[in-house]
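Visitor: Supplied structure: entry.csv, CSV, C-alpha atoms and all ligand atoms.
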chain,number,residue,atom,x,y,z
A,101,MET,CA,151.9,173.0,38.2
A,102,ARG,CA,155.1,174.0,36.4
A,103,LEU,CA,154.8,175.7,33.0
A,104,THR,CA,155.5,173.7,29.8
A,105,SER,CA,158.2,175.1,27.4
A,106,GLU,CA,155.4,176.2,25.1
A,107,GLN,CA,153.7,178.2,27.9
A,108,ILE,CA,157.1,179.8,28.8
A,109,HIS,CA,157.6,180.7,25.1
A,110,LEU,CA,154.1,182.2,24.8
A,111,PHE,CA,154.7,184.2,28.0
A,112,ARG,CA,158.0,185.6,26.8
A,113,HIS,CA,156.7,186.2,23.3
A,114,ASN,CA,153.3,187.8,24.1
A,115,GLY,CA,153.9,189.2,27.6
A,116,PHE,CA,151.0,187.4,29.3
A,117,LEU,CA,149.8,183.9,30.1
A,118,LYS,CA,146.6,182.5,31.6
A,119,LEU,CA,147.7,180.1,34.4
A,120,SER,CA,146.0,176.7,34.2
A,121,GLY,CA,145.2,176.5,37.9
A,122,GLN,CA,142.2,178.0,39.6
A,123,LEU,CA,141.8,179.3,43.2
A,124,PRO,CA,139.6,176.9,45.3
A,125,GLU,CA,136.1,178.2,46.1
A,126,HIS,CA,136.7,178.5,49.8
A,127,THR,CA,139.7,180.7,49.2
A,128,ILE,CA,137.7,182.9,46.9
A,129,ARG,CA,134.9,183.1,49.4
A,130,LYS,CA,137.3,184.1,52.3
A,131,LEU,CA,139.1,186.7,50.2
A,132,LYS,CA,135.8,188.3,49.1
A,133,GLU,CA,134.4,188.3,52.6
A,134,THR,CA,137.6,189.9,54.0
A,135,ILE,CA,137.6,192.5,51.2
A,136,ALA,CA,133.9,193.3,51.6
A,137,GLN,CA,134.4,193.8,55.4
A,138,ASP,CA,137.4,196.1,55.0
A,139,ILE,CA,135.6,198.1,52.3
A,140,SER,CA,132.5,198.5,54.4
A,141,ASN,CA,134.6,199.5,57.4
A,142,GLU,CA,136.7,201.8,55.2
A,143,VAL,CA,139.9,200.4,56.7
A,144,GLU,CA,142.8,202.5,55.4
A,145,PRO,CA,144.8,202.6,53.2
A,146,VAL,CA,142.2,202.7,50.5
A,147,VAL,CA,141.6,204.4,47.1
A,148,ARG,CA,138.2,206.1,46.5
A,149,ASP,CA,136.5,207.0,43.3
A,150,GLN,CA,135.3,210.5,42.5
A,151,ASN,CA,132.1,209.9,44.6
A,152,GLY,CA,134.2,209.0,47.6
A,153,ARG,CA,133.3,205.3,47.3
A,154,VAL,CA,136.1,202.9,48.4
A,155,VAL,CA,137.1,201.0,45.2
A,156,ARG,CA,140.5,199.6,46.2
A,157,LEU,CA,142.1,198.3,49.3
A,158,SER,CA,145.9,198.9,49.4
A,159,ASN,CA,148.5,196.9,51.2
A,160,VAL,CA,146.4,193.8,51.5
A,161,VAL,CA,149.2,191.5,52.8
A,162,ASP,CA,149.2,193.4,56.1
A,163,ARG,CA,145.4,193.1,56.5
A,164,ASP,CA,144.7,189.4,56.9
A,165,PRO,CA,146.8,186.2,56.4
A,166,ILE,CA,144.5,185.0,53.6
A,167,PHE,CA,146.1,187.5,51.2
A,168,LEU,CA,149.6,186.3,51.6
A,169,ASP,CA,148.6,182.7,51.9
A,170,THR,CA,146.9,183.0,48.5
A,171,ALA,CA,149.7,185.0,46.9
A,172,ALA,CA,152.3,182.6,48.1
A,173,SER,CA,150.4,179.4,47.4
A,174,ALA,CA,151.9,176.6,45.2
A,175,LEU,CA,149.1,177.3,42.7
A,176,VAL,CA,150.9,180.6,41.9
A,177,LEU,CA,154.5,179.9,42.8
A,178,ASP,CA,154.9,176.6,41.0
A,179,PRO,CA,154.2,178.2,37.6
A,180,LEU,CA,156.1,181.4,38.5
A,181,GLU,CA,159.2,179.3,39.4
A,182,SER,CA,159.3,178.3,35.7
A,183,ILE,CA,159.9,181.9,34.7
A,184,LEU,CA,161.4,183.5,37.8
A,185,GLY,CA,163.7,180.7,39.0
A,186,PRO,CA,163.7,179.1,42.4
A,187,ASP,CA,164.1,182.2,44.6
A,188,ILE,CA,161.1,184.5,44.5
A,189,GLU,CA,160.1,187.6,46.4
A,190,LEU,CA,156.6,189.2,46.7
A,191,ILE,CA,156.8,193.0,46.3
A,192,LYS,CA,154.9,195.0,48.9
A,193,ASN,CA,155.1,198.4,47.3
A,194,ARG,CA,153.8,197.7,43.9
A,195,HIS,CA,150.3,196.3,43.5
A,196,ASN,CA,149.5,194.4,46.7
A,197,HIS,CA,145.9,195.5,46.4
A,198,ALA,CA,142.3,194.4,45.8
A,199,THR,CA,140.1,196.3,43.4
A,200,LEU,CA,136.3,196.3,43.0
A,201,ARG,CA,136.1,197.8,39.5
A,202,PRO,CA,132.4,198.8,39.6
A,203,ALA,CA,130.6,200.2,36.5
A,204,SER,CA,133.1,202.5,35.0
A,205,GLY,CA,131.1,205.2,33.2
A,206,ASN,CA,132.1,205.4,29.6
A,207,ARG,CA,135.8,205.0,29.5
A,208,VAL,CA,138.5,202.4,29.5
A,209,GLU,CA,140.9,202.7,32.4
A,210,GLY,CA,144.2,204.1,31.2
A,211,LEU,CA,146.8,202.0,29.5
A,212,HIS,CA,149.9,201.7,31.6
A,213,ARG,CA,152.9,199.6,32.4
A,214,ASP,CA,153.5,198.3,35.9
A,215,ILE,CA,157.2,199.2,35.8
A,216,LYS,CA,159.5,201.4,33.7
A,217,GLN,CA,162.7,199.4,33.6
A,218,TRP,CA,163.6,196.6,31.2
A,219,SER,CA,166.5,195.8,33.3
A,220,ARG,CA,164.4,194.9,36.3
A,221,THR,CA,160.9,194.2,35.3
A,222,ILE,CA,158.4,192.5,37.6
A,223,TYR,CA,155.9,189.8,37.0
A,224,THR,CA,152.3,190.7,37.9
A,225,VAL,CA,149.6,188.1,38.8
A,226,ILE,CA,146.0,189.2,38.7
A,227,PHE,CA,143.7,186.9,40.7
A,228,TYR,CA,140.1,187.2,39.5
A,229,LEU,CA,137.7,186.8,42.4
A,230,GLU,CA,134.7,187.3,40.1
A,231,GLU,CA,134.4,186.3,36.5
A,232,SER,CA,135.9,188.9,34.2
A,233,THR,CA,134.2,189.3,30.8
A,234,VAL,CA,134.3,191.7,27.9
A,235,LYS,CA,131.1,193.1,29.3
A,236,ASN,CA,132.3,193.8,32.8
A,237,GLY,CA,135.7,195.1,31.9
A,238,ALA,CA,138.2,192.3,31.1
A,239,THR,CA,141.9,193.1,31.3
A,240,LEU,CA,143.1,194.6,28.1
A,241,VAL,CA,146.6,193.8,26.9
A,242,VAL,CA,148.7,194.9,23.9
A,243,PRO,CA,150.4,191.6,23.1
A,244,GLY,CA,154.2,191.9,22.6
A,245,SER,CA,154.3,195.4,23.9
A,246,HIS,CA,156.7,194.4,26.7
A,247,HIS,CA,159.4,194.3,24.0
A,248,PHE,CA,158.9,198.1,23.3
A,249,PRO,CA,161.8,200.3,24.4
A,250,GLY,CA,161.7,201.8,27.9
A,251,ILE,CA,159.0,204.5,28.0
A,252,GLY,CA,157.1,206.1,30.8
A,253,ALA,CA,154.8,203.9,32.8
A,254,ARG,CA,151.8,206.3,32.7
A,255,LEU,CA,151.1,205.9,29.0
A,256,TYR,CA,147.6,207.4,29.2
A,257,GLU,CA,149.3,210.8,29.7
A,258,GLU,CA,151.1,210.4,26.4
A,259,LYS,CA,149.2,211.2,23.2
A,260,TRP,CA,150.9,208.9,20.8
A,261,ALA,CA,150.2,205.9,23.1
A,262,ARG,CA,146.5,206.3,22.7
A,263,THR,CA,146.7,204.6,19.3
A,264,LEU,CA,147.9,201.5,21.1
A,265,LEU,CA,144.3,201.0,22.4
A,266,GLU,CA,143.4,199.9,18.9
A,267,GLN,CA,145.8,197.0,19.2
A,268,SER,CA,144.6,195.9,22.6
A,269,VAL,CA,142.8,192.7,23.1
A,270,PRO,CA,140.6,191.7,26.1
A,271,VAL,CA,141.5,188.7,28.2
A,272,PRO,CA,138.3,187.2,29.7
A,273,MET,CA,139.0,185.1,32.8
A,274,PRO,CA,136.9,182.8,34.9
A,275,GLN,CA,136.3,183.4,38.6
A,276,GLY,CA,139.4,182.0,40.4
A,277,GLY,CA,141.5,182.4,37.3
A,278,MET,CA,145.0,183.8,37.4
A,279,LEU,CA,146.7,185.8,34.7
A,280,VAL,CA,150.5,186.5,34.8
A,281,THR,CA,151.8,189.5,32.9
A,282,ASP,CA,155.2,190.9,32.3
A,283,GLY,CA,155.2,194.2,34.1
A,284,MET,CA,156.4,195.9,30.9
A,285,ILE,CA,153.4,194.9,28.9
A,286,ILE,CA,151.0,197.8,28.0
A,287,HIS,CA,147.7,197.0,29.5
A,288,GLY,CA,144.5,198.5,31.0
A,289,VAL,CA,141.0,197.6,32.1
A,290,GLY,CA,138.0,197.5,29.8
A,291,GLN,CA,134.8,199.4,30.5
A,292,ASN,CA,132.5,197.8,33.0
A,293,LEU,CA,129.1,198.0,31.4
A,294,THR,CA,127.3,196.0,34.1
A,295,ASP,CA,126.0,197.2,37.4
A,296,GLN,CA,128.1,194.6,39.2
A,297,THR,CA,131.6,194.7,40.5
A,298,ARG,CA,134.6,192.8,38.9
A,299,THR,CA,136.7,192.2,41.9
A,300,SER,CA,140.4,191.2,41.6
A,301,MET,CA,143.6,191.1,43.6
A,302,THR,CA,146.9,192.0,42.1
A,303,MET,CA,150.4,191.1,43.3
A,304,GLY,CA,153.9,191.7,41.9
A,305,TYR,CA,156.9,189.3,42.1
A,306,HIS,CA,160.6,189.5,41.5
A,307,SER,CA,163.3,187.0,41.4
A,308,VAL,CA,165.7,187.5,44.3
A,309,ASP,CA,168.4,190.1,43.4
A,310,GLU,CA,171.6,188.2,43.5
A,311,LEU,CA,173.6,191.4,43.8
A,312,SER,CA,171.8,192.9,46.8
A,313,ASP,CA,172.8,191.9,50.3
A,314,ILE,CA,170.6,194.6,51.9
A,315,ASN,CA,167.4,193.4,53.6
A,316,ASN,CA,164.5,195.1,52.0
A,317,PRO,CA,161.4,195.2,54.3
A,318,LYS,CA,159.2,195.8,51.2
A,319,ARG,CA,160.0,192.4,49.9
A,320,ILE,CA,158.7,189.1,51.3
A,321,LEU,CA,160.7,186.0,50.4
A,322,VAL,CA,157.9,183.6,49.3
A,323,ARG,CA,160.0,180.8,47.8
A,324,GLY,CA,163.6,179.6,48.0
A,325,GLU,CA,166.3,181.7,49.6
A,326,ARG,CA,168.3,184.9,49.2
A,327,PRO,CA,171.7,183.7,48.0
A,328,TYR,CA,174.1,186.6,47.6
A,329,GLY,CA,176.3,186.5,44.5
A,330,GLY,CA,178.2,189.8,44.6
A,331,ASN,CA,181.9,189.7,44.1
A,332,ASP,CA,182.9,192.6,46.3
A,333,GLY,CA,186.6,192.4,47.0
A,334,SER,CA,187.0,188.8,46.0
A,335,HIS,CA,187.5,188.9,42.1
B,1,LIG,O1,142.4,194.2,37.1
B,1,LIG,C1,142.9,194.3,36.0
B,1,LIG,O2,142.4,193.9,34.9
B,1,LIG,C2,144.3,195.0,35.8
B,1,LIG,C3,145.0,195.1,37.1
B,1,LIG,C4,146.0,196.2,37.0
B,1,LIG,O3,146.4,196.7,36.0
B,1,LIG,C5,146.5,196.6,38.3
B,1,LIG,O4,146.0,196.2,39.4
B,1,LIG,O5,147.5,197.4,38.3
Translate the structure of the given file into C-alpha cells.
Ligand SMILES: O=C(O)CCC(=O)C(=O)O
Guide:
Amino acid sequence: MRLTSEQIHLFRHNGFLKLSGQLPEHTIRKLKETIAQDISNEVEPVVRDQNGRVVRLSNVVDRDPIFLDTAASALVLDPLESILGPDIELIKNRHNHATLRPASGNRVEGLHRDIKQWSRTIYTVIFYLEESTVKNGATLVVPGSHHFPGIGARLYEEKWARTLLEQSVPVPMPQGGMLVTDGMIIHGVGQNLTDQTRTSMTMGYHSVDELSDINNPKRILVRGERPYGGNDGSH
C-alpha cells in the first residue's frame, strides 16, 4: 500500500514510521526456521556475543531466497516507493542481517545512526519476526534527530550524545510489523528483560543514484530501473 501524504509528512518530520502492512504468517515461519537453522549450524558470517553465542546472521540475502523475497516484496516496496521514488536498490553492505537480541544484561544497546551523510542517507526497514515490546527491548528512537547536523555514526562513543537517551522513545511493534527509519535518526535497542529472544531482520534501501553509471555488485535493484542522468560531455 502506498503511503498517504500524512504518513509521508510524519516520516519526514519524525524520522520513522510504522508501516501498516504486516508480514504473512507463513513468511514469518519460514524466516524464523531458516534463521534458527543457520544459527544452530553456525553458518558464517555471524556475530557472536561475549559468550561466543551466535546472535546475528550477516549477509542474509545470500543465504536463502526467502530473505530477498521478503525484503523485495510489494508489502515493503509499495510504501517505500512513496518516499524513495520508483527506482529502488537494496543495499547489501549495510544491515542485511537477522538478529536474535536475547536478554541483554542491564544495558541499552548503544545509540547510533545507520549512516553518516545527510547527502546520501539510507532508509532502513526493521522486520519484526517476534513481537517487540518495552519489556523485551523495543527499538528506541530520538524523534526528529535525523535533522541534526552530520555527526559520527557511533554515538555511543561520544559523551555528549548519552544525554540523548533521555529523549528516546520506545516503538513497540507486533510480530510481522515493519518499521521504516531514516538512516540518520539516532536510535538504539532497549534492554531485553525477558528470557526470550526478540528476533528481527534489518535491511537498507537507497533510491537509484542517477549520477552513477557504474554497476555496484553491493546493490540489488529491487524495483524500477537504473536510469543514468549524468550530463558528461553533453551540457
Ligand atoms: O532491532 C532493532 O530494534 C534496531 C535494529 C538496528 O539498529 C540495526 O539492525 O542496525
Visitor: As an MDAnalysis selection string, please: every protein or nucleic acid residue near ligand LIG 1 (chain B) (cut-off 6 Å, counting all atoms listed in the file).
Guide: chainID A and resid 195 238:239 288:289 300 302
Visitor: Using only C-alpha atoms, which of the listed residues (A:Leu265, A:Leu157, A:Lys192, A:Gly276) sits closest to Glu231 in chain A?
Guide: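 Of all the options, A:Gly276 lies closest to Glu231 in chain A.
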Visitor: Can you work out which one of A:Ser105, A:Thr299, A:Thr127, A:Asn159 has the shortest atom-to-atom distance to Thr199 in chain A, counting all atoms listed in the file?
Guide: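 Closest residue, counting all atoms listed in the file: A:Thr299.
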Visitor: Would you please work out which residue, of A:Arg102, A:Asp164, A:Lys318, A:Val271, is nearest to Gly185 in chain A when using all atoms listed in the file?
Guide: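 Comparing A:Arg102, A:Asp164, A:Lys318, A:Val271 against Gly185 in chain A, the winner is A:Arg102.
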Visitor: Work out how far CA of Arg148 in chain A is from CA of Ile286 in chain A, in Å to one decimal.
Guide: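 That distance, rounded to one decimal, is 24.0 Å.
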Visitor: Distance cut-off 12 Å, centre (176.1, 183.1, 42.5) in file coordinates, counting only C-alpha atoms: which residues qualify? Return them as a list in words.
Guide: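 Within 12 Å of (176.1, 183.1, 42.5), the protein and nucleic acid residues are Val308, Asp309, Glu310, Leu311, Ser312, Arg326, Pro327, Tyr328, Gly329, Gly330 and Asn331 of chain A.
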Visitor: How many Å lie between CA of Gly277 in chain A and CA of Leu123 in chain A, rounded to one decimal?
Guide: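 Rounded to one decimal, the two atoms are 6.7 Å apart.
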Visitor: Which of these, A:Ile222, A:Ile108, A:Leu321, A:Ile314, has the shortest distance to Ser182 in chain A once you count all atoms listed in the file?
Guide: A:Ile108
Visitor: Measuring between all atoms listed in the file, which one of A:Leu184, A:Ala198, A:Ile191, A:Leu229 shows the shortest distance to His126 in chain A?
Guide: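 Between A:Leu184, A:Ala198, A:Ile191, A:Leu229, the residue approaching His126 in chain A most closely is A:Leu229.
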Visitor: Can you tell me, as a PyMOL selection string, what residues are no more than 7 Å from Arg323 in chain A when counting only C-alpha atoms, ignoring any on the same chain fewer than 2 positions away?
Guide: chain A and resi 186-189+321+325
Visitor: Using all atoms listed in the file, can you tell me which of A:Ser232, A:Thr170, A:Ser120, A:Asn315 comes closest to Thr294 in chain A?
Guide: A:Ser232
Visitor: Within 12 Å of Ser173 in chain A, counting only C-alpha atoms, which residues qualify if same-chain residues fewer than 2 places away don't, as a list in words?
Guide: Met101, Gly121, Gln122, Leu123, Pro124, Thr127, Pro165, Ile166, Phe167, Leu168, Asp169, Thr170, Ala171, Leu175, Val176, Leu177, Asp178, Pro179, Leu180, Glu181, Leu190, Val322 and Arg323 of chain A
Visitor: Expressed in Å to a single decimal, how great is the separation between CA of Asn193 in chain A and CA of Gly115 in chain A?
Guide: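 Atom-to-atom, CA of Asn193 in chain A to CA of Gly115 in chain A, that is 21.8 Å.
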Visitor: If we count all atoms listed in the file and set the cut-off at 12 Å, which residues sit around Glu144 in chain A, ignoring sequence neighbours fewer than 3 positions away in its own chain? Please answer as a PyMOL selection string.
Guide: chain A and resi 138-141+147-148+154-160+162-163+197
Visitor: List as a PDB file with C-alpha atoms, in the coordinates of the input: which residues have an atom within 8 Å of (132.9, 193.7, 30.4), counting only C-alpha atoms?
Guide:
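As written to disk, out38.pdb reads:
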ATOM      1  CA  SER A 232     135.900 188.900  34.200  1.00  0.00           C
ATOM      2  CA  THR A 233     134.200 189.300  30.800  1.00  0.00           C
ATOM      3  CA  VAL A 234     134.300 191.700  27.900  1.00  0.00           C
ATOM      4  CA  LYS A 235     131.100 193.100  29.300  1.00  0.00           C
ATOM      5  CA  ASN A 236     132.300 193.800  32.800  1.00  0.00           C
ATOM      6  CA  GLY A 237     135.700 195.100  31.900  1.00  0.00           C
ATOM      7  CA  ALA A 238     138.200 192.300  31.100  1.00  0.00           C
ATOM      8  CA  GLY A 290     138.000 197.500  29.800  1.00  0.00           C
ATOM      9  CA  GLN A 291     134.800 199.400  30.500  1.00  0.00           C
ATOM     10  CA  ASN A 292     132.500 197.800  33.000  1.00  0.00           C
ATOM     11  CA  LEU A 293     129.100 198.000  31.400  1.00  0.00           C
ATOM     12  CA  THR A 294     127.300 196.000  34.100  1.00  0.00           C
TER      13      THR A 294
END
Visitor: Please return range 133-162 of chain A, rebuilt to N, CA and C atoms, as a short mmCIF file (atom, residue, chain, number, x, y, z; two decimals), in the coordinates of the input.
Guide:
data_model
loop_
_atom_site.label_atom_id
_atom_site.label_comp_id
_atom_site.auth_asym_id
_atom_site.auth_seq_id
_atom_site.Cartn_x
_atom_site.Cartn_y
_atom_site.Cartn_z
N GLU A 133 134.98 187.87 51.33
CA GLU A 133 134.40 188.30 52.60
C GLU A 133 135.32 189.33 53.29
N THR A 134 136.63 189.04 53.28
CA THR A 134 137.60 189.90 54.00
C THR A 134 137.63 191.28 53.25
N ILE A 135 137.60 191.25 51.93
CA ILE A 135 137.60 192.50 51.20
C ILE A 135 136.35 193.30 51.45
N ALA A 136 135.21 192.62 51.42
CA ALA A 136 133.90 193.30 51.60
C ALA A 136 133.90 193.96 53.02
N GLN A 137 134.43 193.25 54.01
CA GLN A 137 134.40 193.80 55.40
C GLN A 137 135.31 195.03 55.49
N ASP A 138 136.51 194.96 54.92
CA ASP A 138 137.40 196.10 55.00
C ASP A 138 136.88 197.29 54.20
N ILE A 139 136.18 196.99 53.13
CA ILE A 139 135.60 198.10 52.30
C ILE A 139 134.45 198.71 53.12
N SER A 140 133.62 197.87 53.71
CA SER A 140 132.50 198.50 54.40
C SER A 140 132.96 199.23 55.67
N ASN A 141 134.07 198.80 56.28
CA ASN A 141 134.60 199.50 57.40
C ASN A 141 135.59 200.63 57.01
N GLU A 142 135.80 200.75 55.71
CA GLU A 142 136.70 201.80 55.20
C GLU A 142 138.07 201.75 55.86
N VAL A 143 138.63 200.54 55.97
CA VAL A 143 139.90 200.40 56.70
C VAL A 143 141.04 200.88 55.73
N GLU A 144 141.75 201.91 56.18
CA GLU A 144 142.80 202.50 55.40
C GLU A 144 144.03 201.54 55.32
N PRO A 145 144.90 201.64 54.29
CA PRO A 145 144.80 202.60 53.20
C PRO A 145 143.90 202.09 52.07
N VAL A 146 143.12 203.04 51.55
CA VAL A 146 142.20 202.70 50.50
C VAL A 146 142.28 203.76 49.37
N VAL A 147 141.71 203.41 48.23
CA VAL A 147 141.60 204.40 47.10
C VAL A 147 140.08 204.54 46.90
N ARG A 148 139.66 205.80 46.70
CA ARG A 148 138.20 206.10 46.50
C ARG A 148 138.01 206.57 45.07
N ASP A 149 136.78 206.42 44.58
CA ASP A 149 136.50 207.00 43.30
C ASP A 149 136.01 208.44 43.48
N GLN A 150 135.59 209.07 42.38
CA GLN A 150 135.30 210.50 42.50
C GLN A 150 134.06 210.78 43.37
N ASN A 151 133.28 209.73 43.68
CA ASN A 151 132.10 209.90 44.60
C ASN A 151 132.49 209.56 46.03
N GLY A 152 133.76 209.28 46.27
CA GLY A 152 134.20 209.00 47.60
C GLY A 152 133.99 207.53 48.03
N ARG A 153 133.55 206.72 47.05
CA ARG A 153 133.30 205.30 47.30
C ARG A 153 134.65 204.53 47.36
N VAL A 154 134.82 203.65 48.32
CA VAL A 154 136.10 202.90 48.40
C VAL A 154 136.04 201.85 47.22
N VAL A 155 137.03 201.93 46.32
CA VAL A 155 137.10 201.00 45.20
C VAL A 155 138.34 200.14 45.20
N ARG A 156 139.25 200.46 46.13
CA ARG A 156 140.50 199.60 46.20
C ARG A 156 140.99 199.60 47.62
N LEU A 157 141.43 198.43 48.04
CA LEU A 157 142.10 198.30 49.30
C LEU A 157 143.62 198.12 48.99
N SER A 158 144.44 198.97 49.57
CA SER A 158 145.90 198.90 49.40
C SER A 158 146.50 198.05 50.48
N ASN A 159 147.74 197.66 50.25
CA ASN A 159 148.50 196.90 51.20
C ASN A 159 147.73 195.75 51.85
N VAL A 160 147.24 194.87 51.00
CA VAL A 160 146.40 193.80 51.50
C VAL A 160 147.17 192.77 52.35
N VAL A 161 148.46 192.59 52.07
CA VAL A 161 149.20 191.50 52.80
C VAL A 161 149.27 191.80 54.29
N ASP A 162 149.14 193.06 54.68
CA ASP A 162 149.20 193.40 56.10
C ASP A 162 147.78 193.39 56.74
#
